[in-house]
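Here's the structure, in C-alpha cells; my notes come after.
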Amino acid sequence: MRRFTRLTNAFSKKLDNLKAALALHLAWYNFCRVHKSLRVTPAMEAHLTDRVWSIPELLTAALTN
C-alpha cells in the first residue's frame with residue numbers, strides 16, 4: 001500500500017486515517033478480490049462467507065459496524 005510511504009499524496013498524517021485505510025484494504029483483499037491461486041476469496045476459503053462481496057456491500061457492512 002502506498003499509504004506507508006511519505007513520497008505520495010496518500011500519506012496518512014493521522015494514525016486513525018491509516019488504520020481506517022488499512023482496514024478497508026484488508027477487507028477488500030479478503031472479501032472482494034478473487035485470488036488466482038485459490039480461485040476464490042480468502043474469506044470463502046476460510047468458510048467465513050459463501051460468496052464474493054461487491055464493493056457497495058463491503059462499504060455497507062463497514063458503515064453498519
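For the C-alpha cells, the naming scheme is as follows: chains receive sequential letters (A, B, ...) according to their order of presentation, residues are indexed from 1 within each chain, and ligands are indexed from 1 in presentation order.
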Could you list, as a PyMOL selection string, every residue within 10 Å of A:Ser54, counting only C-alpha atoms and ignoring same-chain residues fewer than 4 positions away? chain A and resi 28+31-33+58-60
Alpha helix (DSSP H) per DSSP on the backbone: members of chain A, as a PyMOL selection string: chain A and resi 15-31+42-45+55-64
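Minimum atom-to-atom distances from A:Ala27, A:Leu22, A:Val52, A:Ala62 to A:Arg39 were compared using only C-alpha atoms, and the lowest value belongs to A:Val52.
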State, in Å with one decimal place, the distance from atom CA of A:Asp16 to atom CA of A:His35. 28.6 Å
Between atom CA of A:Leu18 and atom CA of A:Pro42, measure the distance and give it in Å to one decimal.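 Straight-line distance from atom CA of A:Leu18 to atom CA of A:Pro42 works out to 22.8 Å.
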Which of these residues is nearest to A:Ile55, using only C-alpha atoms: A:Lys36, A:Asn17, A:Leu24, A:Ala43? A:Leu24
Pairwise distance for atom CA of A:Val34 and atom CA of A:His47, rounded to one decimal in Å: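 Going from atom CA of A:Val34 over to atom CA of A:His47 covers 14.3 Å.
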